[in-house]
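Notes for the one structure printed next.
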Amino acid sequence: MRNIILLSILVFATFMWSCEGMYEKQEQYEGEVVYPAKYDTIIGHIGFERVEIDLMKAGRIPSSQIRLGKAKKTRIEYDDQIITIDSLVSWVNITGLTQSKLYRFKVYTIDEFGNESVPLEIALIPFTSTDLANYAVTPPRVMASPSAAVIDWPNGISSVLMNYYGLNFQYTDKNGEVQSGERGANSRFFIGNVEAGQPVAIDMEYKIIPIVNRQPILDTVIFENVLNVNMPTTSSEFAPAERDILQANGVTTFTADGVSDITELVYPIHANSLQDIFYFPNLETLDLTGGDMFSITELAYDRNGVQDVVGGGEFSPFMRKVGNVSGGNTLKDFLEAGILTKVYYHPHTMGLDDILMPYVASGVVELVENPDEVLVGNQFHLDGIVQDGNFTLDYTFPATDAPEGDGLENVYKLIPRKRSASFVIALPKEYRFNIEEYKYLKFKIYTPTASELTGSDEPFKRLWPRIMNNMWSFGGNSDYGQEYWDIPRFYIPDEDLHQWTDITLDMSTALGRHNRVIILNIGGEPGPDPSKELVYYFSNIRFTKE
């Protein structure tokens, strides 16, 4: 019994000691706070003297859609600054960071009792005015005459340190008047009416987005700079791009003084550049038609024992320059500045239409009206033998024995001798067909009788028009490669044989191509040569608008 009593006392004492220890452990946790939920991410973005910090993986969503338990507010701390926002937010914008240094940001959520969450931390260095002051823009290319200058950046202004988006410029001309302008993606600009031989200060404001650690910052900033241009004197000689053309216009001395009396210049359609007009301080009129001053170029062929020349003579409106003339920007500068008061131009001949069209309504640009149809002169006919002996075609021009017909002009007598007998039209290599103006090639044909075109000669009822940049043996006649296409071989109906018949070829496919050669193959290249003498007549070969 005594042992039972002692055991009971021991158990009771142990129990009492255990209860006392439990409360002692509880005391150390009395007053502890359960933290409110924190944001689930922190990502920083650099701006100009500011940063943006994203706080939600879900992206930038409204505060009303954010649920973080008992959290109600947002607190941001950095340096000695505390920013409290009375709501939960998915991102924050922190401004006024004017020092170029590392800022450490802590972001908390806060519940209704003021309890803070575990903070999210991030360190960021904003882009500041101090950083911008250390920037530099790629120096421009400057082309200057005594009274004007063109400033451009051939390789662009953007670099690994910045993306360029625009600029403003301002300068004072020789009359003391402030001139200004604004440019966008195309940074090129023109200044005029400045003092010869004197420096010109151009105040520049570049709109750029700096790139930091290979990432563009958030903001577009203005980088200010002064560009100083030393203007040449009026006696400074310039190197002309088109010396022969200027000499034809009477220029003998290539200085501003030497051309100061010239108020009008004439350029042929085949001119390569208009850049030289930049050096003419008193230029008022620009004639881009060639006028009576220039003939079209010539191109000589010499092969297979045959020598022939195409081109020469007056300009024909169905022609245009093979490519686009350069120097269009200078022309645009002169028009915008009001320097040019008259420009004459054949539509779609030099690739300047977009530049000139805005000035047509005012009368500054006069588009020379082209006729509805234009005959192709004999100076463009080429003996096809220069390409290949199989092209052999006896021809007579003008044909005096042609059958009678209404309104016949430029009549050819043609006798095909070989299976590939072809009538060839070719322009000098400086030109191509002006399909924007003249969509159709038309001509009249008079064929042998139906009875003559039988048996092995039956295929000679066909025509095969082939259009290209250059004939195959004369690749050097085109700087644009070969842009060949053809119109499928077609038969002249029996009822149209042996009488004057009109043929119309749609040349639309040549639009945008550098086509300058047309081969009208008679027979479509059948197997054998003609078995007899077959006489054809072509006349009224012409380009038409309709």
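Labels used: A, B, ... for chains in the order of the structure tokens, numbers from 1 for residues in each chain, and numbers from 1 for ligands as shown.
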From the DSSP assignment of the backbone, select every residue of region 275-490 of chain A that is helix (DSSP H, G or I), and format the answer as a VMD selection string. chain A and resid 275 to 279 328 to 336 353 to 359 378 to 380 384 to 386 389 to 391 455 to 461 475 to 477
Output N, CA and C atoms for every residue in that selection, as a compact mmCIF listing (two decimals), in the first residue's frame.
# COMPACT_ATOMS: atom_id res chain seq x y z
N GLN A 275 22.60 65.96 -108.12
CA GLN A 275 23.28 66.50 -106.94
C GLN A 275 23.92 67.86 -107.20
N ASP A 276 24.33 68.12 -108.42
CA ASP A 276 25.06 69.35 -108.71
C ASP A 276 24.21 70.60 -108.54
N ILE A 277 22.91 70.50 -108.60
CA ILE A 277 22.09 71.71 -108.44
C ILE A 277 22.34 72.36 -107.08
N PHE A 278 22.85 71.61 -106.15
CA PHE A 278 23.15 72.10 -104.82
C PHE A 278 24.12 73.29 -104.84
N TYR A 279 24.97 73.34 -105.86
CA TYR A 279 26.01 74.36 -105.92
C TYR A 279 25.59 75.61 -106.67
N GLY A 328 17.58 63.10 -105.63
CA GLY A 328 16.20 63.53 -105.41
C GLY A 328 16.02 64.29 -104.11
N ASN A 329 16.82 63.94 -103.10
CA ASN A 329 16.70 64.65 -101.83
C ASN A 329 17.09 66.11 -101.96
N THR A 330 18.12 66.40 -102.77
CA THR A 330 18.52 67.79 -103.00
C THR A 330 17.42 68.54 -103.73
N LEU A 331 16.80 67.89 -104.70
CA LEU A 331 15.66 68.50 -105.39
C LEU A 331 14.54 68.81 -104.41
N LYS A 332 14.27 67.88 -103.52
CA LYS A 332 13.23 68.10 -102.51
C LYS A 332 13.60 69.27 -101.59
N ASP A 333 14.88 69.36 -101.20
CA ASP A 333 15.34 70.47 -100.37
C ASP A 333 15.07 71.81 -101.04
N PHE A 334 15.39 71.90 -102.33
CA PHE A 334 15.23 73.16 -103.05
C PHE A 334 13.75 73.53 -103.21
N LEU A 335 12.91 72.51 -103.37
CA LEU A 335 11.48 72.78 -103.47
C LEU A 335 10.92 73.23 -102.12
N GLU A 336 11.30 72.54 -101.06
CA GLU A 336 10.80 72.90 -99.72
C GLU A 336 11.25 74.29 -99.31
N ASP A 353 8.54 61.21 -109.24
CA ASP A 353 7.12 61.58 -109.20
C ASP A 353 6.63 61.86 -107.78
N ASP A 354 7.02 61.05 -106.81
CA ASP A 354 6.56 61.25 -105.43
C ASP A 354 7.07 62.57 -104.87
N ILE A 355 8.27 62.96 -105.25
CA ILE A 355 8.84 64.23 -104.77
C ILE A 355 8.15 65.41 -105.43
N LEU A 356 7.83 65.29 -106.71
CA LEU A 356 7.32 66.43 -107.47
C LEU A 356 5.81 66.64 -107.34
N MET A 357 5.05 65.56 -107.13
CA MET A 357 3.59 65.67 -107.15
C MET A 357 3.03 66.72 -106.18
N PRO A 358 3.57 66.87 -104.97
CA PRO A 358 2.99 67.88 -104.06
C PRO A 358 3.09 69.32 -104.57
N TYR A 359 3.89 69.54 -105.60
CA TYR A 359 4.10 70.90 -106.09
C TYR A 359 3.43 71.15 -107.44
N ASN A 378 12.41 54.20 -136.42
CA ASN A 378 13.32 53.21 -136.99
C ASN A 378 14.66 53.18 -136.27
N GLN A 379 15.01 54.24 -135.54
CA GLN A 379 16.29 54.25 -134.83
C GLN A 379 16.33 53.21 -133.71
N PHE A 380 15.18 52.61 -133.41
CA PHE A 380 15.14 51.58 -132.35
C PHE A 380 15.07 50.16 -132.92
N GLY A 384 18.46 41.48 -135.89
CA GLY A 384 18.56 40.38 -134.96
C GLY A 384 19.73 39.45 -135.19
N ILE A 385 20.38 39.53 -136.36
CA ILE A 385 21.52 38.65 -136.63
C ILE A 385 22.63 38.86 -135.60
N VAL A 386 22.69 40.05 -135.00
CA VAL A 386 23.75 40.27 -134.01
C VAL A 386 23.61 39.29 -132.84
N GLY A 389 22.49 33.76 -135.95
CA GLY A 389 22.20 33.62 -137.38
C GLY A 389 20.79 33.12 -137.63
N ASN A 390 20.24 32.37 -136.68
CA ASN A 390 18.87 31.88 -136.85
C ASN A 390 17.83 32.99 -136.75
N PHE A 391 18.26 34.20 -136.33
CA PHE A 391 17.35 35.34 -136.27
C PHE A 391 17.22 36.03 -137.64
N GLY A 455 1.50 23.28 -144.60
CA GLY A 455 2.56 22.29 -144.49
C GLY A 455 3.58 22.71 -143.44
N SER A 456 4.86 22.59 -143.78
CA SER A 456 5.91 22.95 -142.82
C SER A 456 5.94 24.44 -142.53
N ASP A 457 5.29 25.25 -143.38
CA ASP A 457 5.25 26.70 -143.19
C ASP A 457 4.03 27.15 -142.38
N GLU A 458 3.18 26.21 -142.02
CA GLU A 458 1.96 26.58 -141.26
C GLU A 458 2.26 27.31 -139.95
N PRO A 459 3.33 26.94 -139.22
CA PRO A 459 3.62 27.66 -137.97
C PRO A 459 3.90 29.15 -138.17
N PHE A 460 4.20 29.58 -139.38
CA PHE A 460 4.53 30.98 -139.59
C PHE A 460 3.30 31.88 -139.61
N LYS A 461 2.17 31.29 -139.25
CA LYS A 461 1.00 32.11 -138.93
C LYS A 461 1.12 32.70 -137.52
N GLY A 475 24.97 40.61 -122.29
CA GLY A 475 24.68 40.79 -120.86
C GLY A 475 25.19 42.09 -120.30
N GLY A 476 26.25 42.65 -120.88
CA GLY A 476 26.80 43.92 -120.40
C GLY A 476 25.90 45.10 -120.67
N ASN A 477 24.83 44.90 -121.44
CA ASN A 477 23.93 45.99 -121.75
C ASN A 477 22.89 46.23 -120.66
Cut-off 7 Å: closest region 281-393 of chain A/region 525-545 of chain A atom pairs per residue, using only C-alpha atoms, as CSV:
residue,atom,partner,partner_atom,distance
A:Phe318,CA,A:Phe543,CA,6.5
A:Asp372,CA,A:Lys545,CA,5.5
A:Glu373,CA,A:Thr544,CA,4.1
A:Val374,CA,A:Phe543,CA,5.3
A:Leu375,CA,A:Arg542,CA,4.1
A:Val376,CA,A:Arg542,CA,5.2
Which residues are near Pro216 (chain A)? Cut-off 9 Å, only C-alpha atoms, ignore same chain within fewer than 2 positions. Put them as a PDB file with N, CA, C and O atoms, in the first residue's frame.
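Listed below is the output, result31.pdb:
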ATOM      1  N   ILE A  46      14.392  50.363 -65.767  1.00  0.00           N
ATOM      2  CA  ILE A  46      15.054  51.651 -65.624  1.00  0.00           C
ATOM      3  C   ILE A  46      14.420  52.685 -66.547  1.00  0.00           C
ATOM      4  O   ILE A  46      14.189  52.419 -67.731  1.00  0.00           O
ATOM      5  N   GLY A  47      14.174  53.878 -66.020  1.00  0.00           N
ATOM      6  CA  GLY A  47      13.717  55.008 -66.804  1.00  0.00           C
ATOM      7  C   GLY A  47      14.628  56.195 -66.590  1.00  0.00           C
ATOM      8  O   GLY A  47      15.707  56.078 -66.005  1.00  0.00           O
ATOM      9  N   LEU A 161      24.383  52.285 -78.082  1.00  0.00           N
ATOM     10  CA  LEU A 161      24.104  53.046 -76.870  1.00  0.00           C
ATOM     11  C   LEU A 161      22.774  53.780 -76.899  1.00  0.00           C
ATOM     12  O   LEU A 161      22.330  54.294 -75.871  1.00  0.00           O
ATOM     13  N   MET A 162      22.135  53.848 -78.088  1.00  0.00           N
ATOM     14  CA  MET A 162      20.887  54.601 -78.162  1.00  0.00           C
ATOM     15  C   MET A 162      20.080  54.203 -79.382  1.00  0.00           C
ATOM     16  O   MET A 162      20.624  53.737 -80.390  1.00  0.00           O
ATOM     17  N   ASN A 163      18.777  54.412 -79.277  1.00  0.00           N
ATOM     18  CA  ASN A 163      17.876  54.330 -80.416  1.00  0.00           C
ATOM     19  C   ASN A 163      17.396  55.743 -80.740  1.00  0.00           C
ATOM     20  O   ASN A 163      16.894  56.444 -79.864  1.00  0.00           O
ATOM     21  N   ILE A 209      16.333  57.152 -77.137  1.00  0.00           N
ATOM     22  CA  ILE A 209      16.109  56.260 -75.994  1.00  0.00           C
ATOM     23  C   ILE A 209      17.440  55.589 -75.695  1.00  0.00           C
ATOM     24  O   ILE A 209      17.924  54.774 -76.490  1.00  0.00           O
ATOM     25  N   PRO A 210      18.086  55.950 -74.580  1.00  0.00           N
ATOM     26  CA  PRO A 210      19.372  55.328 -74.242  1.00  0.00           C
ATOM     27  C   PRO A 210      19.219  53.825 -74.020  1.00  0.00           C
ATOM     28  O   PRO A 210      18.154  53.336 -73.623  1.00  0.00           O
ATOM     29  N   ILE A 211      20.291  53.109 -74.277  1.00  0.00           N
ATOM     30  CA  ILE A 211      20.343  51.666 -74.061  1.00  0.00           C
ATOM     31  C   ILE A 211      21.334  51.389 -72.936  1.00  0.00           C
ATOM     32  O   ILE A 211      22.493  51.798 -73.003  1.00  0.00           O
ATOM     33  N   VAL A 212      20.867  50.735 -71.889  1.00  0.00           N
ATOM     34  CA  VAL A 212      21.695  50.409 -70.734  1.00  0.00           C
ATOM     35  C   VAL A 212      21.694  48.893 -70.548  1.00  0.00           C
ATOM     36  O   VAL A 212      20.624  48.276 -70.491  1.00  0.00           O
ATOM     37  N   ASN A 213      22.872  48.326 -70.484  1.00  0.00           N
ATOM     38  CA  ASN A 213      22.997  46.865 -70.341  1.00  0.00           C
ATOM     39  C   ASN A 213      22.206  46.130 -71.431  1.00  0.00           C
ATOM     40  O   ASN A 213      21.485  45.171 -71.177  1.00  0.00           O
ATOM     41  N   ARG A 214      22.320  46.680 -72.651  1.00  0.00           N
ATOM     42  CA  ARG A 214      21.694  46.111 -73.855  1.00  0.00           C
ATOM     43  C   ARG A 214      20.171  46.175 -73.844  1.00  0.00           C
ATOM     44  O   ARG A 214      19.505  45.523 -74.659  1.00  0.00           O
ATOM     45  N   LEU A 218      13.073  53.130 -70.290  1.00  0.00           N
ATOM     46  CA  LEU A 218      11.640  53.302 -70.493  1.00  0.00           C
ATOM     47  C   LEU A 218      11.287  54.591 -71.232  1.00  0.00           C
ATOM     48  O   LEU A 218      10.227  54.677 -71.863  1.00  0.00           O
ATOM     49  N   ASP A 219      12.149  55.601 -71.176  1.00  0.00           N
ATOM     50  CA  ASP A 219      11.755  56.938 -71.590  1.00  0.00           C
ATOM     51  C   ASP A 219      12.559  57.457 -72.776  1.00  0.00           C
ATOM     52  O   ASP A 219      13.742  57.146 -72.931  1.00  0.00           O
TER      53      ASP A 219
END
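For the pair CA of Thr447 (chain A) and CA of Val517 (chain A), the separation is 23.5 Å.
Taking the backbone of this structure through DSSP, the residues of region 222-317 of chain A that come out as strand (DSSP E) are Ile222, Phe223, Glu224, Asn225, Val226, Leu227, Asn228, Val229, Asn230, Glu264, Leu265, Val266, Thr285, Leu286, Asp287, Glu298, Leu299, Ala300, Tyr301, Asp302, Arg303, Val306, Gln307, Asp308, Val309, Val310 and Gly311 of chain A.
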Show which residues sit within 9 Å of Lys57 (chain A), as a PyMOL selection string. Count only C-alpha atoms, and ignore same-chain residues fewer than 5 positions away. chain A and resi 39-42+90
Expected file contents, prior selection, N, CA, C and O atoms, as a PDB file, in the first residue's frame:
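The new file again.pdb reads:
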ATOM      1  N   TYR A  39       3.977  40.292 -51.903  1.00  0.00           N
ATOM      2  CA  TYR A  39       3.870  40.198 -53.361  1.00  0.00           C
ATOM      3  C   TYR A  39       4.681  38.996 -53.846  1.00  0.00           C
ATOM      4  O   TYR A  39       5.626  38.554 -53.186  1.00  0.00           O
ATOM      5  N   ASP A  40       4.312  38.484 -55.038  1.00  0.00           N
ATOM      6  CA  ASP A  40       4.910  37.222 -55.457  1.00  0.00           C
ATOM      7  C   ASP A  40       6.110  37.369 -56.397  1.00  0.00           C
ATOM      8  O   ASP A  40       6.690  36.383 -56.837  1.00  0.00           O
ATOM      9  N   THR A  41       6.487  38.605 -56.738  1.00  0.00           N
ATOM     10  CA  THR A  41       7.677  38.800 -57.569  1.00  0.00           C
ATOM     11  C   THR A  41       8.143  40.229 -57.421  1.00  0.00           C
ATOM     12  O   THR A  41       7.419  41.089 -56.884  1.00  0.00           O
ATOM     13  N   ILE A  42       9.327  40.508 -57.905  1.00  0.00           N
ATOM     14  CA  ILE A  42       9.808  41.893 -57.973  1.00  0.00           C
ATOM     15  C   ILE A  42      10.782  41.989 -59.148  1.00  0.00           C
ATOM     16  O   ILE A  42      11.792  41.305 -59.202  1.00  0.00           O
ATOM     17  N   SER A  90      -0.056  46.309 -58.503  1.00  0.00           N
ATOM     18  CA  SER A  90       0.727  45.297 -59.221  1.00  0.00           C
ATOM     19  C   SER A  90       2.065  45.857 -59.688  1.00  0.00           C
ATOM     20  O   SER A  90       2.950  45.095 -60.071  1.00  0.00           O
TER      21      SER A  90
END
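You can rank A:Ala123, A:Ile522, A:Ile487, A:Val178 by their closest distance to Glu77 (chain A) using only C-alpha atoms, and at the top of that list sits A:Ala123.
Ranking A:Pro281, A:Gly184, A:Pro232, A:Gly323 by their shortest atom-to-atom distance to Glu205 (chain A), with only C-alpha atoms included, puts A:Gly184 first.
Of the residues under consideration (A:Thr95, A:Thr509, A:Gln65, A:Thr130), A:Thr95 shows the shortest atom-to-atom contact distance to Ile53 (chain A) when counting only C-alpha atoms.
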